[in-house]
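K.L.:
Here you go, this is coords.pdb (PDB, C-alpha atoms).
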MODEL        1
ATOM      1  CA  ARG O   1       0.000   0.000   0.000
ATOM      2  CA  ILE O   2       1.439   3.354  -1.036
ATOM      3  CA  GLU O   3       0.049   6.680   0.170
ATOM      4  CA  PHE O   4       0.278   9.638  -2.162
ATOM      5  CA  GLU O   5      -0.142  13.121  -0.700
ATOM      6  CA  VAL O   6      -0.414  16.473  -2.398
ATOM      7  CA  VAL O   7       0.521  19.201   0.052
ATOM      8  CA  SER O   8      -1.452  22.383  -0.280
ATOM      9  CA  VAL O   9       0.580  25.438  -1.279
ATOM     10  CA  ASN O  10      -0.961  28.820  -0.754
ATOM     11  CA  SER O  11      -1.346  30.629  -4.052
ATOM     12  CA  VAL O  12      -0.937  34.369  -4.450
ATOM     13  CA  PRO O  13      -4.179  36.284  -5.083
ATOM     14  CA  GLU O  14      -4.729  37.213  -8.695
ATOM     15  CA  ALA O  15      -5.510  40.725  -9.959
ATOM     16  CA  LYS O  16      -6.469  42.545 -13.126
ATOM     17  CA  GLN O  17      -5.557  46.135 -13.925
ATOM     18  CA  ILE O  18      -8.072  48.641 -12.536
ATOM     19  CA  PRO O  19      -8.933  51.326 -15.126
ATOM     20  CA  ALA O  20      -7.804  54.851 -14.311
ATOM     21  CA  GLN O  21     -10.441  57.510 -13.652
ATOM     22  CA  LYS O  22     -10.392  61.147 -14.737
ATOM     23  CA  ILE O  23     -13.010  63.609 -13.528
ATOM     24  CA  LYS O  24     -13.454  67.359 -13.241
ATOM     25  CA  GLU O  25     -13.046  69.256  -9.974
ATOM     26  CA  LYS O  26     -16.205  68.967  -7.791
ATOM     27  CA  GLU O  27     -17.222  65.669  -9.414
ATOM     28  CA  GLN O  28     -17.030  62.298  -7.645
ATOM     29  CA  PHE O  29     -14.930  59.262  -8.556
ATOM     30  CA  ALA O  30     -16.932  56.172  -9.462
ATOM     31  CA  PRO O  31     -16.988  53.387  -6.846
ATOM     32  CA  ILE O  32     -14.838  50.343  -7.643
ATOM     33  CA  LYS O  33     -16.162  46.822  -7.128
ATOM     34  CA  LEU O  34     -12.996  45.049  -5.998
ATOM     35  CA  ASP O  35     -14.406  41.583  -6.706
ATOM     36  CA  SER O  36     -14.278  42.492 -10.405
ATOM     37  CA  TYR O  37     -10.497  42.836 -10.266
ATOM     38  CA  PHE O  38      -9.295  40.427  -7.562
ATOM     39  CA  ARG O  39      -9.707  36.705  -6.922
ATOM     40  CA  ASP O  40      -7.889  34.091  -4.835
ATOM     41  CA  PRO O  41      -7.578  30.432  -5.875
ATOM     42  CA  ASP O  42      -7.460  29.311  -2.236
ATOM     43  CA  HIS O  43      -9.738  31.730  -0.401
ATOM     44  CA  LYS O  44     -13.045  33.498  -0.756
ATOM     45  CA  ASN O  45     -12.914  37.208  -1.558
ATOM     46  CA  GLU O  46     -14.568  38.054   1.750
ATOM     47  CA  GLU O  47     -11.451  36.640   3.453
ATOM     48  CA  LEU O  48      -9.138  39.062   1.655
ATOM     49  CA  ILE O  49      -7.877  42.274   3.192
ATOM     50  CA  PHE O  50      -7.650  45.282   0.871
ATOM     51  CA  VAL O  51      -5.148  48.066   1.543
ATOM     52  CA  PHE O  52      -4.631  51.384  -0.258
ATOM     53  CA  SER O  53      -1.155  52.932  -0.168
ATOM     54  CA  ASP O  54       1.099  55.462  -1.883
ATOM     55  CA  LYS O  55       3.891  52.859  -2.225
ATOM     56  CA  LYS O  56       3.764  49.237  -3.289
ATOM     57  CA  ILE O  57       3.372  46.821  -0.381
ATOM     58  CA  THR O  58       5.748  43.875  -0.675
ATOM     59  CA  SER O  59       5.065  41.815   2.457
ATOM     60  CA  ALA O  60       2.426  41.279   5.109
ATOM     61  CA  VAL O  61       1.889  39.118   8.170
ATOM     62  CA  ALA O  62      -0.666  36.331   7.882
ATOM     63  CA  GLN O  63      -4.000  37.307   9.394
ATOM     64  CA  ALA O  64      -4.208  34.267  11.671
ATOM     65  CA  PRO O  65      -1.584  31.541  11.163
ATOM     66  CA  ALA O  66      -3.214  28.300  12.225
ATOM     67  CA  ALA O  67      -1.866  24.801  12.719
ATOM     68  CA  LYS O  68      -3.035  22.163  10.313
ATOM     69  CA  LYS O  69      -4.035  18.819  11.746
ATOM     70  CA  GLY O  70      -0.997  17.056  13.095
ATOM     71  CA  LYS O  71       1.365  19.893  12.193
ATOM     72  CA  LYS O  72       2.791  22.979  13.880
ATOM     73  CA  ALA O  73       1.414  26.441  13.165
ATOM     74  CA  PRO O  74       3.399  28.176  10.422
ATOM     75  CA  ALA O  75       5.688  30.975  11.482
ATOM     76  CA  PRO O  76       4.403  34.466  10.586
ATOM     77  CA  THR O  77       5.946  35.968   7.470
ATOM     78  CA  LYS O  78       7.939  39.167   7.737
ATOM     79  CA  GLY O  79       6.016  42.374   7.197
ATOM     80  CA  LEU O  80       3.189  44.357   8.715
ATOM     81  CA  ILE O  81      -0.295  43.469   9.856
ATOM     82  CA  TYR O  82      -2.924  45.379   7.882
ATOM     83  CA  LYS O  83      -6.618  45.977   8.416
ATOM     84  CA  ASN O  84      -9.253  45.912   5.710
ATOM     85  CA  GLY O  85      -9.699  49.320   4.104
ATOM     86  CA  GLN O  86      -6.538  50.683   5.692
ATOM     87  CA  VAL O  87      -4.887  53.649   3.971
ATOM     88  CA  VAL O  88      -1.096  53.743   4.231
ATOM     89  CA  GLY O  89       1.203  56.669   3.449
ATOM     90  CA  ASN O  90       0.458  59.962   1.759
ATOM     91  CA  VAL O  91      -2.823  59.216  -0.005
ATOM     92  CA  GLU O  92      -4.740  62.479  -0.406
ATOM     93  CA  LEU O  93      -8.112  60.821  -0.948
ATOM     94  CA  GLU O  94     -10.350  59.318   1.716
ATOM     95  CA  VAL O  95     -11.015  55.646   0.976
ATOM     96  CA  SER O  96     -13.672  53.364   2.403
ATOM     97  CA  ILE O  97     -14.736  49.782   1.662
ATOM     98  CA  ASP O  98     -18.192  48.427   2.398
ATOM     99  CA  LYS O  99     -19.142  44.856   3.314
ATOM    100  CA  ASN O 100     -19.538  43.987  -0.373
ATOM    101  CA  ARG O 101     -15.943  45.069  -1.086
ATOM    102  CA  VAL O 102     -16.930  48.162  -2.999
ATOM    103  CA  ALA O 103     -14.363  50.953  -2.617
ATOM    104  CA  THR O 104     -15.456  54.592  -2.628
ATOM    105  CA  PHE O 105     -13.241  57.660  -2.783
ATOM    106  CA  LYS O 106     -13.764  61.147  -1.380
ATOM    107  CA  THR O 107     -11.666  64.214  -2.124
ATOM    108  CA  PRO O 108     -10.404  66.365   0.798
ATOM    109  CA  ASN O 109     -12.692  69.201  -0.355
ATOM    110  CA  SER O 110     -14.870  70.103  -3.338
ATOM    111  CA  TYR O 111     -12.097  72.228  -4.880
ATOM    112  CA  TRP O 112      -9.434  69.503  -4.767
ATOM    113  CA  ASN O 113      -7.688  68.759  -8.026
ATOM    114  CA  GLY O 114      -4.603  66.762  -8.907
ATOM    115  CA  VAL O 115      -3.487  63.162  -9.403
ATOM    116  CA  ALA O 116      -3.602  60.409  -6.801
ATOM    117  CA  ASN O 117      -1.374  57.438  -7.689
ATOM    118  CA  ILE O 118      -2.498  54.613  -5.435
ATOM    119  CA  TRP O 119      -1.481  50.996  -4.970
ATOM    120  CA  VAL O 120      -4.387  48.643  -4.265
ATOM    121  CA  THR O 121      -3.231  45.507  -2.445
ATOM    122  CA  ALA O 122      -5.150  42.319  -1.701
ATOM    123  CA  ILE O 123      -3.787  40.158   1.145
ATOM    124  CA  ASP O 124      -5.026  36.642   1.821
ATOM    125  CA  PRO O 125      -5.305  35.081   5.330
ATOM    126  CA  GLU O 126      -1.869  33.421   4.945
ATOM    127  CA  GLY O 127      -0.059  36.649   4.055
ATOM    128  CA  ALA O 128       0.228  36.211   0.284
ATOM    129  CA  LEU O 129      -0.516  39.414  -1.580
ATOM    130  CA  VAL O 130      -0.827  41.103  -4.930
ATOM    131  CA  SER O 131      -0.742  44.843  -5.727
ATOM    132  CA  VAL O 132      -1.932  46.827  -8.735
ATOM    133  CA  PRO O 133      -1.595  50.571  -9.422
ATOM    134  CA  LEU O 134      -4.605  52.861  -9.683
ATOM    135  CA  LYS O 135      -4.575  56.414 -11.028
ATOM    136  CA  LEU O 136      -7.322  58.820  -9.971
ATOM    137  CA  GLU O 137      -7.210  62.332 -11.448
ATOM    138  CA  ALA O 138      -9.352  65.442 -10.975
ATOM    139  CA  THR O 139      -8.715  68.284 -13.410
ATOM    140  CA  SER O 140      -8.870  71.898 -12.276
ATOM    141  CA  VAL O 141     -11.948  74.005 -13.035
ATOM    142  CA  ASN O 142     -11.622  77.773 -12.766
ATOM    143  CA  ASP O 143     -14.065  79.097 -10.179
ATOM    144  CA  LYS O 144     -15.424  82.633 -10.134
ATOM    145  CA  PRO O 145     -14.136  84.976  -7.428
ATOM    146  CA  GLU O 146     -16.609  85.538  -4.607
ATOM    147  CA  ILE O 147     -17.210  89.147  -3.571
ATOM    148  CA  ALA O 148     -18.841  90.004  -0.267
ATOM    149  CA  ALA O 149     -21.220  92.933   0.048
ATOM    150  CA  ILE O 150     -19.332  96.197   0.617
ATOM    151  CA  PRO O 151     -20.994  98.423   3.243
ATOM    152  CA  GLU O 152     -22.322 101.797   2.117
ATOM    153  CA  ARG O 153     -20.018 104.769   2.670
ATOM    154  CA  SER O 154     -21.467 107.963   4.092
ATOM    155  CA  ILE O 155     -19.546 111.130   4.991
ATOM    156  CA  GLN O 156     -20.291 114.730   5.795
ATOM    157  CA  GLU O 157     -19.844 117.408   3.145
ATOM    158  CA  LYS O 158     -16.168 118.555   3.032
ATOM    159  CA  ASP O 159     -14.997 115.216   4.487
ATOM    160  CA  LYS O 160     -13.161 112.552   2.464
ATOM    161  CA  PHE O 161     -14.136 108.952   1.815
ATOM    162  CA  PRO O 162     -11.698 106.579   3.551
ATOM    163  CA  PRO O 163      -9.724 104.280   1.213
ATOM    164  CA  LEU O 164     -11.268 100.845   0.685
ATOM    165  CA  ASN O 165      -9.051  97.727   0.656
ATOM    166  CA  LEU O 166     -10.755  95.456  -1.874
ATOM    167  CA  ASP O 167      -8.816  92.388  -0.670
ATOM    168  CA  ASP O 168     -11.006  92.435   2.439
ATOM    169  CA  TYR O 169     -14.110  91.659   0.383
ATOM    170  CA  VAL O 170     -13.007  89.032  -2.138
ATOM    171  CA  GLU O 171     -12.004  85.357  -2.105
ATOM    172  CA  ASP O 172     -10.731  83.230  -4.978
ATOM    173  CA  VAL O 173      -9.999  79.530  -4.440
ATOM    174  CA  ASP O 174      -7.899  79.291  -7.602
ATOM    175  CA  HIS O 175      -5.829  82.479  -7.592
ATOM    176  CA  ASP O 176      -3.991  84.794  -5.252
ATOM    177  CA  LYS O 177      -5.691  88.127  -4.613
ATOM    178  CA  SER O 178      -2.738  89.898  -6.207
ATOM    179  CA  GLU O 179      -3.623  88.194  -9.516
ATOM    180  CA  LEU O 180      -7.152  89.595  -9.667
ATOM    181  CA  LYS O 181      -7.921  92.527 -11.940
ATOM    182  CA  TRP O 182     -10.415  95.111 -10.726
ATOM    183  CA  THR O 183     -12.525  97.681 -12.547
ATOM    184  CA  VAL O 184     -14.873 100.336 -11.217
ATOM    185  CA  SER O 185     -17.713 102.041 -13.102
ATOM    186  CA  GLY O 186     -20.899 104.020 -12.568
ATOM    187  CA  MET O 187     -19.270 107.321 -11.577
ATOM    188  CA  VAL O 188     -21.087 110.526 -12.605
ATOM    189  CA  LYS O 189     -19.586 113.277 -10.449
ATOM    190  CA  LEU O 190     -17.374 111.170  -8.228
ATOM    191  CA  ALA O 191     -13.908 110.022  -9.314
ATOM    192  CA  ALA O 192     -12.652 106.519  -8.459
ATOM    193  CA  LYS O 193      -9.231 104.918  -8.735
ATOM    194  CA  ILE O 194      -7.861 101.490  -7.832
ATOM    195  CA  ASP O 195      -4.107 101.370  -7.175
ATOM    196  CA  ASN O 196      -1.666  98.468  -7.560
ATOM    197  CA  ASN O 197      -2.384  97.311  -4.009
ATOM    198  CA  ARG O 198      -6.079  96.970  -4.835
ATOM    199  CA  VAL O 199      -7.106  99.931  -2.704
ATOM    200  CA  LEU O 200     -10.080 101.915  -3.998
ATOM    201  CA  THR O 201     -10.037 105.675  -3.513
ATOM    202  CA  VAL O 202     -13.134 107.751  -4.218
ATOM    203  CA  THR O 203     -13.044 111.567  -4.350
ATOM    204  CA  THR O 204     -15.704 114.256  -4.759
ATOM    205  CA  PRO O 205     -15.501 116.884  -7.516
ATOM    206  CA  ASP O 206     -15.096 119.614  -4.868
ATOM    207  CA  LYS O 207     -15.388 119.986  -1.103
ATOM    208  CA  TYR O 208     -18.942 121.359  -1.329
ATOM    209  CA  TRP O 209     -20.340 118.497  -3.372
ATOM    210  CA  ASN O 210     -23.085 116.357  -1.806
ATOM    211  CA  GLY O 211     -25.263 113.630  -3.185
ATOM    212  CA  ALA O 212     -25.172 109.877  -3.748
ATOM    213  CA  GLU O 213     -23.863 107.630  -6.471
ATOM    214  CA  THR O 214     -23.769 103.842  -6.853
ATOM    215  CA  LEU O 215     -20.504 102.399  -8.196
TER     216      LEU O 215
ENDMDL
END
Could you rewrite the structure in this file as structure tokens?
P.N.:
Amino acid sequence: RIEFEVVSVNSVPEAKQIPAQKIKEKEQFAPIKLDSYFRDPDHKNEELIFVFSDKKITSAVAQAPAAKKGKKAPAPTKGLIYKNGQVVGNVELEVSIDKNRVATFKTPNSYWNGVANIWVTAIDPEGALVSVPLKLEATSVNDKPEIAAIPERSIQEKDKFPPLNLDDYVEDVDHDKSELKWTVSGMVKLAAKIDNNRVLTVTTPDKYWNGAETL
């Protein structure tokens, strides 16, 4: 009588390339169903741990090394222990994975734009892993400057209007205030000038002038 035994060898999870995504600023990246891109010959997908990182992960510790019947428990492999959905390193996007292994991505704010180069890694319970790159890009969209209401200015005849610093009333998420170009119109009798420091000066035609104008 001869006994033949085939010893199980843990296979590395398999992965397909995940298509890159390109959106415009303020839009949302499409969720990614990880089951469509990863599979493991030896384990169910719900047993896999998925990690998102800015650098490729090369090793991981087995989730729970267990002894097989009649044998000692295998020694843990070298590396780190990861949790499902963990984000490692400088990844600008927020990443979350639901119970169905669908990954969703959230930008830091609605005005975020740039490129996030991410490594998506699947780790099986015995520490075998596979990593694939993923590129997520949001292109910049020029937003209009936002101008706050400027309070009315009222002075006594013979007085002078105080200078108005326009920087105090404008915000632009895409440009520095020094890059903005200002114009002023609507003057009839009054004279108005904006200097290089974006300070508006309004003067009356003479010290006895009185009235009201909307600029």
K.L.:
Let me make sure I understand: among O:Leu200, O:Val170, O:Lys106, O:Leu129, which one has the smallest atom-to-atom distance to Thr183 of chain O if we use all atoms listed in the file?
P.N.:
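Ranking O:Leu200, O:Val170, O:Lys106, O:Leu129 by distance to Thr183 of chain O, first place goes to O:Leu200.
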K.L.:
Using all atoms listed in the file, can you tell me which of O:Val173, O:Leu215, O:Val9, O:Ile123 comes closest to Ala191 of chain O?
P.N.:
O:Leu215
K.L.:
If you count only C-alpha atoms, which residues fall within 7 Å of segment 44-48 of chain O, apart from same-chain ones fewer than 4 positions away, as a list of chain:residue names?
P.N.:
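Listed by chain and then number, they are O:Asp35, O:Arg39, O:Asp40, O:Ala122, O:Ile123, O:Asp124, O:Pro125.
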K.L.:
Excluding Asn100 of chain O and residues on its chain fewer than 2 positions from it, collect all residues at most 9 Å away from it, counting only C-alpha atoms, and give them as a PDB file with C-alpha atoms, keeping the file's coordinate frame.
P.N.:
ATOM      1  CA  LYS O  33     -16.162  46.822  -7.128  1.00  0.00           C
ATOM      2  CA  LEU O  34     -12.996  45.049  -5.998  1.00  0.00           C
ATOM      3  CA  ASP O  35     -14.406  41.583  -6.706  1.00  0.00           C
ATOM      4  CA  GLU O  46     -14.568  38.054   1.750  1.00  0.00           C
ATOM      5  CA  ILE O  97     -14.736  49.782   1.662  1.00  0.00           C
ATOM      6  CA  ASP O  98     -18.192  48.427   2.398  1.00  0.00           C
ATOM      7  CA  VAL O 102     -16.930  48.162  -2.999  1.00  0.00           C
ATOM      8  CA  ALA O 103     -14.363  50.953  -2.617  1.00  0.00           C
TER       9      ALA O 103
END
K.L.:
Pick out the residues sitting within 12 Å of Ile18 of chain O, and hand them over as a list of chain:residue names; count all atoms listed in the file, and ignore anything fewer than 3 positions along from it in its own chain.
P.N.:
O:Ala15, O:Gln21, O:Pro31, O:Ile32, O:Lys33, O:Leu34, O:Asp35, O:Ser36, O:Tyr37, O:Phe38, O:Ala103, O:Ile118, O:Trp119, O:Val120, O:Thr121, O:Ser131, O:Val132, O:Pro133, O:Leu134, O:Lys135, O:Leu136
K.L.:
Please provide as an MDAnalysis selection string all residues within 8 Å of Gly89 of chain O, with the sequence filter that same-chain residues fewer than 6 positions apart are discarded (counting only C-alpha atoms).
P.N.:
chainID O and resid 53:55
K.L.:
Using only C-alpha atoms, which protein or nucleic acid residues come within 7 Å of Thr107 of chain O? Drop anything in the same chain fewer than 5 positions from it, and give the result as a list in words.
P.N.:
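Close residues of Thr107 of chain O: Leu93, Glu94 and Trp112 of chain O.
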K.L.:
Can you work out the spacing between atom CA of Asn142 of chain O and atom CA of Trp182 of chain O in Å, to one decimal?
P.N.:
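Going from atom CA of Asn142 of chain O over to atom CA of Trp182 of chain O covers 17.5 Å.
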K.L.:
Figure out the distance between atom CA of Lys207 of chain O and atom CA of Glu152 of chain O, please, to one decimal in Å.
P.N.:
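We find that atom CA of Glu152 of chain O and atom CA of Lys207 of chain O lie 19.7 Å from each other.
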K.L.:
List the residues matched by the PyMOL selection byres ((chain O and resi 179) around 12) in the displayed structure as JSON, numbers by chain, ordered by chain and then by residue number.
P.N.:
{"O": [145, 167, 170, 171, 172, 173, 174, 175, 176, 177, 178, 180, 181, 182, 196, 197, 198]}
K.L.:
For each of O:Ala60, O:Val87, O:Ile147, O:Ala128, take the minimum atom-to-atom distance to Pro41 of chain O, counting only C-alpha atoms, then give the residue where this is smallest.
P.N.:
O:Ala128
K.L.:
Taking only C-alpha atoms into account, which of O:Leu164, O:Asn210, O:Phe29, O:Val130 comes nearest Lys16 of chain O?
P.N.:
O:Val130
K.L.:
So how far away is atom CA of Ile155 of chain O from atom CA of Ala212 of chain O, in Å?
P.N.:
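These two atoms are separated by 10.5 Å.
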K.L.:
Here's the selection I'm unsure about, the PyMOL selection byres ((chain O and resi 203) around 8); applied to the file above, which residues does it give, as an NGL selection string?
P.N.:
:O and (160-161 or 190-192 or 201-202 or 204-205)
K.L.:
Could those selected residues go to a file with C-alpha atoms, as a CSV table (one decimal), keeping the file's coordinate frame?
P.N.:
chain,number,residue,atom,x,y,z
O,160,LYS,CA,-13.2,112.6,2.5
O,161,PHE,CA,-14.1,109.0,1.8
O,190,LEU,CA,-17.4,111.2,-8.2
O,191,ALA,CA,-13.9,110.0,-9.3
O,192,ALA,CA,-12.7,106.5,-8.5
O,201,THR,CA,-10.0,105.7,-3.5
O,202,VAL,CA,-13.1,107.8,-4.2
O,204,THR,CA,-15.7,114.3,-4.8
O,205,PRO,CA,-15.5,116.9,-7.5
K.L.:
With distances taken over all atoms listed in the file, which residue among O:Glu146, O:Asp195, O:Asp168, O:Glu157 lies nearest Trp209 of chain O?
P.N.:
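Residue with the minimum atom-to-atom distance to Trp209 of chain O: O:Glu157.
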K.L.:
Taking the point (-23.3, 107.1, -14.5) as given in the file, collect each protein or nucleic acid residue that comes within 10 Å of it, counting only C-alpha atoms, and present the set as a ChimeraX atom specification.
P.N.:
/O:185-190,213-215
